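Listing of protein_7.txt; format and content: compact mmCIF, C-alpha atoms.
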```
# COMPACT_ATOMS: atom_id res chain seq x y z
CA MET J 12 10.05 18.00 6.35
CA ALA J 13 9.18 16.70 2.87
CA SER J 14 6.24 18.16 1.05
CA TYR J 15 3.52 16.31 -0.82
CA ARG J 16 5.22 17.40 -4.05
CA GLN J 17 8.49 15.76 -2.97
CA PHE J 18 6.65 12.59 -1.92
CA CYS J 19 4.96 12.28 -5.29
CA GLY J 20 8.09 13.04 -7.31
CA GLY J 21 6.81 16.44 -8.31
CA GLY J 22 3.36 14.98 -8.84
CA ARG J 23 4.03 14.03 -12.45
CA LEU J 24 4.17 10.27 -11.95
CA LEU J 25 1.04 10.17 -9.81
CA CYS J 26 -0.88 12.35 -12.27
CA THR J 27 0.31 10.23 -15.21
CA VAL J 28 -0.69 7.02 -13.44
CA LEU J 29 -4.13 8.36 -12.57
CA LEU J 30 -4.73 9.67 -16.10
CA LEU J 31 -3.68 6.35 -17.65
CA CYS J 32 -5.97 4.49 -15.28
CA ALA J 33 -8.87 6.78 -16.10
CA ALA J 34 -8.44 6.32 -19.84
CA SER J 35 -8.76 2.54 -19.66
CA LEU J 36 -11.63 2.18 -17.22
CA PRO J 37 -15.10 0.90 -17.95
CA ALA J 38 -17.92 3.10 -16.77
CA ARG J 39 -18.41 2.88 -13.01
CA PRO J 40 -19.19 5.31 -10.23
CA ALA J 41 -16.54 8.04 -10.08
CA GLU J 42 -16.05 7.84 -6.32
CA VAL J 43 -15.29 4.09 -6.42
CA TYR J 44 -12.90 4.51 -9.34
CA GLN J 45 -11.14 7.45 -7.77
CA ALA J 46 -10.64 5.77 -4.40
CA ASP J 47 -9.38 2.52 -5.94
CA ALA J 48 -7.03 4.32 -8.34
CA VAL J 49 -5.63 6.57 -5.63
CA LYS J 50 -5.08 3.64 -3.25
CA ALA J 51 -3.32 1.70 -6.03
CA ALA J 52 -1.07 4.69 -6.77
CA PHE J 53 -0.24 5.02 -3.07
CA LEU J 54 0.57 1.31 -2.78
CA TYR J 55 2.98 1.59 -5.69
CA ARG J 56 4.57 4.78 -4.31
CA PHE J 57 4.99 3.29 -0.81
CA THR J 58 7.46 0.78 -2.24
CA GLY J 59 9.90 3.58 -3.04
CA TYR J 60 10.04 4.69 0.61
CA VAL J 61 10.25 1.31 2.35
CA ASP J 62 13.38 -0.80 2.72
CA TRP J 63 12.99 -4.59 2.81
CA PRO J 64 15.75 -6.89 4.06
CA PRO J 65 17.80 -8.29 1.14
CA GLU J 66 16.41 -11.82 1.57
CA ALA J 67 12.86 -10.51 1.01
CA LEU J 68 13.89 -9.20 -2.38
CA ASN J 69 15.67 -12.40 -3.39
CA GLN J 70 12.65 -13.43 -5.49
CA ASN J 71 11.73 -13.57 -9.18
CA SER J 72 9.26 -10.72 -8.74
CA PHE J 73 8.00 -8.12 -6.30
CA THR J 74 4.51 -9.30 -5.38
CA ILE J 75 1.68 -7.33 -3.87
CA ALA J 76 -0.98 -9.69 -2.53
CA VAL J 77 -4.49 -8.23 -2.34
CA LEU J 78 -7.15 -9.63 -0.02
CA ASP J 79 -10.75 -8.40 -0.44
CA GLY J 80 -9.85 -5.42 -2.58
CA ASP J 81 -10.58 -6.45 -6.16
CA GLY J 82 -11.04 -2.87 -7.42
CA VAL J 83 -7.69 -1.83 -5.99
CA ALA J 84 -6.10 -4.99 -7.44
CA ALA J 85 -7.40 -4.14 -10.91
CA GLU J 86 -6.09 -0.57 -10.69
CA LEU J 87 -2.78 -1.77 -9.28
CA SER J 88 -2.40 -4.27 -12.13
CA ARG J 89 -2.70 -1.38 -14.59
CA VAL J 90 -0.11 0.66 -12.69
CA LEU J 91 2.38 -2.19 -12.33
CA ALA J 92 2.11 -3.30 -15.96
CA GLU J 93 4.66 -0.65 -16.91
CA HIS J 94 6.79 -0.51 -13.77
CA SER J 95 9.23 -2.58 -11.79
CA ILE J 96 9.71 -2.39 -8.03
CA LYS J 97 13.14 -2.68 -6.41
CA ASN J 98 14.55 -3.76 -9.79
CA LEU J 99 12.16 -6.71 -9.94
CA PRO J 100 9.18 -7.28 -12.23
CA ALA J 101 6.09 -6.24 -10.27
CA ARG J 102 2.88 -8.24 -10.06
CA VAL J 103 -0.41 -8.35 -8.21
CA ARG J 104 -1.83 -11.55 -6.75
CA ILE J 105 -5.47 -11.60 -5.68
CA ILE J 106 -5.78 -13.90 -2.68
CA HIS J 107 -8.77 -15.28 -0.75
CA SER J 108 -6.91 -16.31 2.42
CA ILE J 109 -3.64 -15.40 4.10
CA GLY J 110 -2.28 -18.84 3.22
CA GLU J 111 -2.12 -17.76 -0.43
CA SER J 112 0.16 -14.78 0.27
CA GLY J 113 3.45 -16.71 0.45
CA GLY J 114 6.38 -14.84 -1.09
CA ALA J 115 4.59 -11.49 -1.25
CA GLN J 116 6.49 -8.43 -0.09
CA MET J 117 3.31 -6.39 0.45
CA LEU J 118 -0.16 -7.39 1.56
CA TYR J 119 -3.09 -5.04 0.98
CA VAL J 120 -6.18 -5.92 3.02
CA GLY J 121 -9.18 -4.17 1.49
CA SER J 122 -12.10 -2.58 3.27
CA ALA J 123 -14.31 -5.56 2.34
CA TYR J 124 -12.28 -7.84 4.63
CA SER J 125 -14.48 -8.79 7.57
CA GLY J 126 -12.23 -11.30 9.30
CA SER J 127 -9.98 -10.85 12.29
CA LEU J 128 -7.14 -8.51 11.48
CA HIS J 129 -5.30 -9.73 14.61
CA GLY J 130 -5.44 -13.29 13.26
CA LEU J 131 -4.21 -12.16 9.87
CA ILE J 132 -1.31 -10.19 11.38
CA ASP J 133 -0.41 -13.16 13.60
CA ALA J 134 -0.31 -15.39 10.51
CA VAL J 135 2.11 -12.99 8.80
CA GLY J 136 4.19 -12.96 11.99
CA THR J 137 7.64 -11.47 11.60
CA LEU J 138 7.89 -12.04 7.85
CA PRO J 139 9.17 -8.98 5.96
CA VAL J 140 5.75 -8.07 4.56
CA LEU J 141 4.40 -4.53 4.44
CA VAL J 142 0.80 -4.93 5.63
CA VAL J 143 -1.43 -2.12 4.34
CA THR J 144 -5.04 -1.98 5.50
CA ASP J 145 -8.15 0.05 4.95
CA ARG J 146 -10.19 0.08 8.14
CA ASP J 147 -10.58 2.14 11.28
CA GLY J 148 -8.31 1.14 14.15
CA ALA J 149 -6.13 -1.14 12.02
CA LEU J 150 -2.83 0.20 13.38
CA ASP J 151 -3.94 -0.85 16.85
CA GLU J 152 -4.58 -4.35 15.45
CA GLY J 153 -1.05 -4.65 14.03
CA SER J 154 -1.17 -3.12 10.54
CA THR J 155 1.93 -1.27 9.32
CA VAL J 156 0.15 1.26 7.09
CA ASN J 157 -3.54 2.10 7.17
CA PHE J 158 -5.59 4.27 4.83
CA LEU J 159 -7.82 6.97 6.33
CA LEU J 160 -10.46 9.20 4.84
CA ASP J 161 -9.93 12.71 6.19
CA ASP J 162 -12.42 15.33 4.99
CA ARG J 163 -12.88 13.38 1.72
CA HIS J 164 -9.10 13.15 1.23
CA LEU J 165 -7.27 9.84 1.30
CA ARG J 166 -4.47 9.88 3.86
CA PHE J 167 -2.51 7.18 5.64
CA GLU J 168 -1.06 6.40 9.04
CA ILE J 169 2.02 4.33 9.88
CA SER J 170 2.98 2.05 12.78
CA LEU J 171 6.72 1.97 13.44
CA PRO J 172 6.42 -0.95 15.90
CA ALA J 173 4.71 -3.01 13.17
CA ALA J 174 7.40 -2.02 10.65
CA ASN J 175 10.11 -3.03 13.13
CA ARG J 176 8.38 -6.38 13.76
CA ALA J 177 8.59 -7.07 10.02
CA SER J 178 12.20 -5.77 9.73
CA LEU J 179 11.09 -3.00 7.38
CA GLY J 180 12.64 0.45 7.25
CA ILE J 181 10.23 3.31 6.65
CA GLY J 182 11.89 6.33 5.04
CA PRO J 183 11.64 9.74 6.67
CA ALA J 184 9.98 11.24 3.58
CA LEU J 185 7.05 8.82 3.95
CA LEU J 186 6.83 9.39 7.70
CA SER J 187 6.72 13.15 7.21
CA VAL J 188 3.59 13.00 5.05
CA ALA J 189 1.71 10.47 7.18
CA ALA J 190 -1.39 11.73 8.99
CA ARG J 191 -0.21 9.89 12.11
CA VAL J 192 2.87 7.89 13.07
CA LEU J 193 2.38 5.37 15.86
CA GLY J 194 5.50 4.77 17.94
CA ALA J 195 7.28 7.93 16.81
CA PRO J 196 9.48 9.65 19.37
CA PRO J 197 7.71 12.58 21.04
```

Kindly present the structure from the file in structure tokens form.
Amino acid sequence: MASYRQFCGGGRLLCTVLLLCAASLPARPAEVYQADAVKAAFLYRFTGYVDWPPEALNQNSFTIAVLDGDGVAAELSRVLAEHSIKNLPARVRIIHSIGESGGAQMLYVGSAYSGSLHGLIDAVGTLPVLVVTDRDGALDEGSTVNFLLDDRHLRFEISLPAANRASLGIGPALLSVAARVLGAPP
């Protein structure tokens, strides 16, 4: 079983990312900044533990579409400015509807999203898109990865059926540090 230290590459990259983000932020409430920065760091790190089918990576860039999560998008833009993903330039695209997500390999649906998650997941269909959400019960609605707040610590849960629907492979190191894995063998 992988430890948190193994997941975060010894913790150095995550700490560096968080420190760089903190240095360039305007003044805002610490809790909002911290949550957005940590979610952005997790989104970036998830990409190292997920396998997309080759055709999904046959693009000019690796795109993370963000719906109703502007703070996370801003933090993610800072993180991705200096990194590539899957040997592709990485970029963030803020979207206002699922129709604007075309070509994205990851979709982050922020906690401000009030629409139907079922409808959103249906619109994504079987496309190879890692859908990451931030709301209670989202795995049951079809999300692949969902953020949780557990005793003031940000954690995440994973749905293997949703990953399979999107033809995504989730690495065992990521599964081992998830708070819950839906569809895992007993």

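Atom to atom, CA of Phe158 (chain J) and CA of Ala134 (chain J) stand 21.1 Å apart.
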
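The two atoms in question, CA of Leu128 (chain J) and CA of Val156 (chain J), are spaced 13.0 Å apart.
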
What lies within 7 Å of region 135-146 of chain J using all atoms listed in the file, ignoring chain neighbours under 3 positions off, as a list in words?
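After dropping sequence-adjacent residues, the list is Trp63, Ala67, Ala115, Gln116, Met117, Leu118, Tyr119, Val120, Gly121, Ser122, Leu131, Ile132, Ala149, Ser154, Thr155, Val156, Asn157, Phe158, Arg176, Ala177, Ser178 and Leu179 of chain J.
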
Point-to-point distance from CA of Ser170 (chain J) to CA of Ala92 (chain J), Å rounded to tenths
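So the two atoms, CA of Ser170 (chain J) and CA of Ala92 (chain J), lie 29.2 Å apart.
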
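Using only C-alpha atoms, the nearest neighbour of Leu54 (chain J) within the list J:Phe167, J:Leu186, J:Leu160, J:Gln70 is J:Phe167.
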
Counting only C-alpha atoms, figure out which residue out of J:Gly80, J:Ile106, J:Ile169, J:Val49 gets nearest to Gly182 (chain J).
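When distances to Gly182 (chain J) are compared using only C-alpha atoms, the smallest one comes from J:Ile169.
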
Determine the nearest neighbour of Ala101 (chain J) from the options J:Asn175, J:Ser72, J:Ser88, J:Ser127, counting all atoms listed in the file.
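Between J:Asn175, J:Ser72, J:Ser88, J:Ser127, the residue approaching Ala101 (chain J) most closely is J:Ser72.
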
Against region 55-62 of chain J, which residues of region 69-168 of chain J fall within 8 Å? For each one I want the closest pair of atoms and the distance in Å (one decimal), counting only C-alpha atoms, rows by chain and increasing residue number, as CSV.
```
residue,atom,partner,partner_atom,distance
J:Leu87,CA,J:Tyr55,CA,7.6
J:Val90,CA,J:Tyr55,CA,7.7
J:Leu91,CA,J:Tyr55,CA,7.7
J:Ile96,CA,J:Thr58,CA,7.0
J:Lys97,CA,J:Gly59,CA,7.8
```

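Distances to Ala52 (chain J) were evaluated for J:Asp133, J:Ser108, J:Pro196, J:Leu165 using only C-alpha atoms, and the minimum falls at J:Leu165.
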
Provide an axis-aligned box for all listed atoms of region 45-59 of chain J, padding each side by 4 Å; report its centre and its edge lengths in Å to one decimal, as AutoDock Vina command-line options.
```
--center_x -0.6 --center_y 4.1 --center_z -4.6 --size_x 29.0 --size_y 14.7 --size_z 15.5
```

From the structure just shown, export region 141-154 of chain J with all heavy atoms as a JSON list (two decimals), in the first residue's frame.
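To be explicit, this is the file written out as part26.json:
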```
[["chain", "number", "residue", "atom", "x", "y", "z"],
["J", 141, "LEU", "N", -11.73, 12.54, -17.36],
["J", 141, "LEU", "CA", -11.73, 12.32, -15.92],
["J", 141, "LEU", "C", -12.60, 13.41, -15.30],
["J", 141, "LEU", "O", -12.25, 14.59, -15.32],
["J", 141, "LEU", "CB", -10.31, 12.40, -15.35],
["J", 141, "LEU", "CG", -10.19, 12.19, -13.84],
["J", 141, "LEU", "CD1", -10.57, 10.76, -13.46],
["J", 141, "LEU", "CD2", -8.78, 12.52, -13.37],
["J", 142, "VAL", "N", -13.76, 13.01, -14.78],
["J", 142, "VAL", "CA", -14.69, 13.97, -14.17],
["J", 142, "VAL", "C", -14.42, 14.01, -12.67],
["J", 142, "VAL", "O", -14.57, 13.00, -11.98],
["J", 142, "VAL", "CB", -16.17, 13.58, -14.44],
["J", 142, "VAL", "CG1", -17.10, 14.58, -13.76],
["J", 142, "VAL", "CG2", -16.44, 13.54, -15.94],
["J", 143, "VAL", "N", -14.01, 15.18, -12.18],
["J", 143, "VAL", "CA", -13.71, 15.38, -10.77],
["J", 143, "VAL", "C", -14.71, 16.39, -10.23],
["J", 143, "VAL", "O", -14.90, 17.46, -10.82],
["J", 143, "VAL", "CB", -12.27, 15.91, -10.56],
["J", 143, "VAL", "CG1", -11.97, 16.08, -9.07],
["J", 143, "VAL", "CG2", -11.25, 14.98, -11.22],
["J", 144, "THR", "N", -15.35, 16.03, -9.13],
["J", 144, "THR", "CA", -16.41, 16.88, -8.56],
["J", 144, "THR", "C", -16.09, 17.24, -7.13],
["J", 144, "THR", "O", -15.14, 16.74, -6.54],
["J", 144, "THR", "CB", -17.76, 16.14, -8.63],
["J", 144, "THR", "OG1", -17.61, 14.85, -8.05],
["J", 144, "THR", "CG2", -18.24, 16.01, -10.06],
["J", 145, "ASP", "N", -16.97, 18.10, -6.60],
["J", 145, "ASP", "CA", -16.77, 18.62, -5.25],
["J", 145, "ASP", "C", -18.13, 18.78, -4.58],
["J", 145, "ASP", "O", -18.53, 19.88, -4.25],
["J", 145, "ASP", "CB", -16.04, 19.96, -5.35],
["J", 145, "ASP", "CG", -15.54, 20.46, -4.01],
["J", 145, "ASP", "OD1", -15.76, 19.78, -2.99],
["J", 145, "ASP", "OD2", -14.93, 21.54, -3.99],
["J", 146, "ARG", "N", -18.85, 17.64, -4.43],
["J", 146, "ARG", "CA", -20.14, 17.73, -3.76],
["J", 146, "ARG", "C", -20.54, 16.36, -3.22],
["J", 146, "ARG", "O", -20.21, 15.33, -3.81],
["J", 146, "ARG", "CB", -21.17, 18.34, -4.67],
["J", 146, "ARG", "CG", -22.05, 17.51, -5.49],
["J", 146, "ARG", "CD", -22.95, 18.45, -6.29],
["J", 146, "ARG", "NE", -23.97, 17.78, -7.03],
["J", 146, "ARG", "CZ", -24.67, 18.36, -7.96],
["J", 146, "ARG", "NH1", -24.47, 19.62, -8.27],
["J", 146, "ARG", "NH2", -25.60, 17.71, -8.59],
["J", 147, "ASP", "N", -21.25, 16.38, -2.12],
["J", 147, "ASP", "CA", -21.68, 15.15, -1.47],
["J", 147, "ASP", "C", -22.49, 14.28, -2.43],
["J", 147, "ASP", "O", -23.34, 14.78, -3.16],
["J", 147, "ASP", "CB", -22.54, 15.46, -0.24],
["J", 147, "ASP", "CG", -21.73, 16.08, 0.90],
["J", 147, "ASP", "OD1", -20.50, 15.90, 0.91],
["J", 147, "ASP", "OD2", -22.34, 16.72, 1.76],
["J", 148, "GLY", "N", -22.20, 12.98, -2.41],
["J", 148, "GLY", "CA", -22.96, 12.03, -3.21],
["J", 148, "GLY", "C", -22.63, 12.01, -4.68],
["J", 148, "GLY", "O", -23.31, 11.35, -5.46],
["J", 149, "ALA", "N", -21.58, 12.70, -5.10],
["J", 149, "ALA", "CA", -21.28, 12.83, -6.53],
["J", 149, "ALA", "C", -20.88, 11.51, -7.18],
["J", 149, "ALA", "O", -21.15, 11.31, -8.37],
["J", 149, "ALA", "CB", -20.22, 13.88, -6.76],
["J", 150, "LEU", "N", -20.25, 10.61, -6.44],
["J", 150, "LEU", "CA", -19.90, 9.32, -7.05],
["J", 150, "LEU", "C", -21.15, 8.57, -7.44],
["J", 150, "LEU", "O", -21.19, 7.92, -8.49],
["J", 150, "LEU", "CB", -19.07, 8.45, -6.09],
["J", 150, "LEU", "CG", -17.61, 8.81, -5.86],
["J", 150, "LEU", "CD1", -16.89, 7.65, -5.17],
["J", 150, "LEU", "CD2", -16.88, 9.22, -7.11],
["J", 151, "ASP", "N", -22.18, 8.65, -6.62],
["J", 151, "ASP", "CA", -23.45, 7.99, -6.92],
["J", 151, "ASP", "C", -24.14, 8.60, -8.13],
["J", 151, "ASP", "O", -25.00, 7.96, -8.74],
["J", 151, "ASP", "CB", -24.38, 8.03, -5.71],
["J", 151, "ASP", "CG", -23.80, 7.27, -4.52],
["J", 151, "ASP", "OD1", -23.09, 6.27, -4.75],
["J", 151, "ASP", "OD2", -24.04, 7.69, -3.38],
["J", 152, "GLU", "N", -23.76, 9.84, -8.48],
["J", 152, "GLU", "CA", -24.35, 10.51, -9.65],
["J", 152, "GLU", "C", -23.50, 10.32, -10.91],
["J", 152, "GLU", "O", -23.85, 10.84, -11.96],
["J", 152, "GLU", "CB", -24.51, 12.00, -9.35],
["J", 152, "GLU", "CG", -25.51, 12.28, -8.23],
["J", 152, "GLU", "CD", -25.71, 13.76, -8.02],
["J", 152, "GLU", "OE1", -26.21, 14.43, -8.95],
["J", 152, "GLU", "OE2", -25.37, 14.25, -6.93],
["J", 153, "GLY", "N", -22.36, 9.61, -10.80],
["J", 153, "GLY", "CA", -21.57, 9.30, -11.98],
["J", 153, "GLY", "C", -20.18, 9.91, -12.05],
["J", 153, "GLY", "O", -19.45, 9.68, -13.01],
["J", 154, "SER", "N", -19.78, 10.69, -11.05],
["J", 154, "SER", "CA", -18.45, 11.28, -11.04],
["J", 154, "SER", "C", -17.38, 10.19, -10.91],
["J", 154, "SER", "O", -17.63, 9.14, -10.32],
["J", 154, "SER", "CB", -18.34, 12.25, -9.86],
["J", 154, "SER", "OG", -17.03, 12.76, -9.77]]
```
